[in-house]
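Asker: Just passing along the structure, written as structure tokens.
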Amino acid sequence: MATAKDQEERQMDLEDMVTQFNTYEDFLDSQITAKDLCYLKDETMARQLVELGSLGTGKVVKRKDFDARKAARMVERTQQKKLASAGKDLQDNFLKALAVREEKNRNGKISTVIFIRDRNCRGHEVSAYIDYTHRLMNEDFEDYFSGKRKLLPRRSDLSYYNWHTSTPVGNSTPNFEVISDNPEGLLFKFKKDGKILNVDPYVCPGENSARYPIKTELYMQAVIFDHVFERRT
């Protein structure tokens with residue numbers, strides 16, 4: 001019967017292995033030598049012997065325990081991760097509006113589209129509709145919220161337009177499909193529920209969507225569109 005000390009040592013071994021190895025197979029392979037493979041001539045068999053404790057250090061770590069602890073580590077890391085806006089002294093209304101929406105965009109409760117119009121480094125007036133959730137997942141927003149960098153339109157955004165060159169660019173994202181051939185103007189289709197977001201300021205933005213013009217010192221113009229995703233029960 002395993003003592004409390006034995007259980008503690010096994011848990012420590014498990015923690016060390018989960019830290020050191022990305023996958024359970026990596027752990028198994030670390031216990032197998034070239035001599036072992038030369039003798040057994042079967043990698044699968046060698047891995048099975050490691051699992052049984054008959055090869056390698058003799059320490060038995062079950063796959064289900066390794067995978068469960070690895071998954072728990074991922075959850076812990078996600079929970080511990082601070083929001084990019086946390087602790088920042090935000091002065092401008094635009095950054096405050098993004099901060100209020102950051103957590104809900106990260107956890108999928110809302111999906112926000114940001115419209116900004118400003119001038120690029122060449123002095124050209126440019127504008128873009130930005131998928132906030134998509135940018136959050138692919139960029140570090142710490143510098144934006146701290147004021148070290150400025151969030152600017154990109155050609156890779158949902159919709160980008162250079163007013164000097166009259167160059168339009170559209171890109172669908174994992175969250176929105178761009179509908180650019182609509183005769184009444186630009187539309188975005190939310191992929192999770194199929195609802196349409198209409199960015200025309202003179203019409204309703206659509207079901208479960210809202211439009212919020214933002215008074216800001218950072219941009220020539222800024223508007224935020226929020227779409228609430230209703231999960232089917």
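Numbering starts fresh at 1 for the residues of each chain in the structure tokens, the chains themselves are lettered A, B, ... in the order given, and ligands are numbered from 1 as they appear.
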Within 8 Å of stretch 160-173 of chain A, counting only C-alpha atoms, which residues show up once you throw out same-chain ones fewer than 5 positions away? Write them as a ChimeraX atom specification, please.
Answerer: /A:124-129,131,134,153-155,178,180
Asker: Please identify all polymer residues within 12 Å of A:Leu37, counting only C-alpha atoms, omitting same-chain residues fewer than 6 positions from it, and present them as a list in words.
Answerer: Asp29, Gln31, Glu43, Thr44, Met45, Ala46, Arg47, Leu49 and Leu55 of chain A
Asker: Just the helix (DSSP H, G or I) stuff from chain A, please, per backbone DSSP, written as a VMD selection string.
Answerer: chain A and resid 4 to 20 24 to 30 34 to 40 43 to 52 63 to 80 93 to 106 132 to 138 142 to 146
Asker: When you draw a straight line from atom CA of A:Lys215 to atom CA of A:Lys150, how long is it in Å?
Answerer: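 Atom-to-atom, atom CA of A:Lys215 and atom CA of A:Lys150 are spaced 16.2 Å apart.
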Asker: Have a look at A:Lys64, A:Lys96, A:Lys191, A:Lys104 and name the one nearest to A:Asp226; count only C-alpha atoms.
Answerer: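 So, comparing all the options, the nearest one is A:Lys104.
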Asker: Using only C-alpha atoms, which of the listed residues (A:Leu28, A:Leu136, A:Ala86, A:Cys38) sits closest to A:Gly108?
Answerer: A:Leu136
Asker: Choose the residue, out of A:Leu40, A:Leu95, A:Val18, A:Cys121, that has the smallest atom-to-atom separation from A:Ala72; count only C-alpha atoms.
Answerer: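 Selected residue with least distance to A:Ala72: A:Val18.
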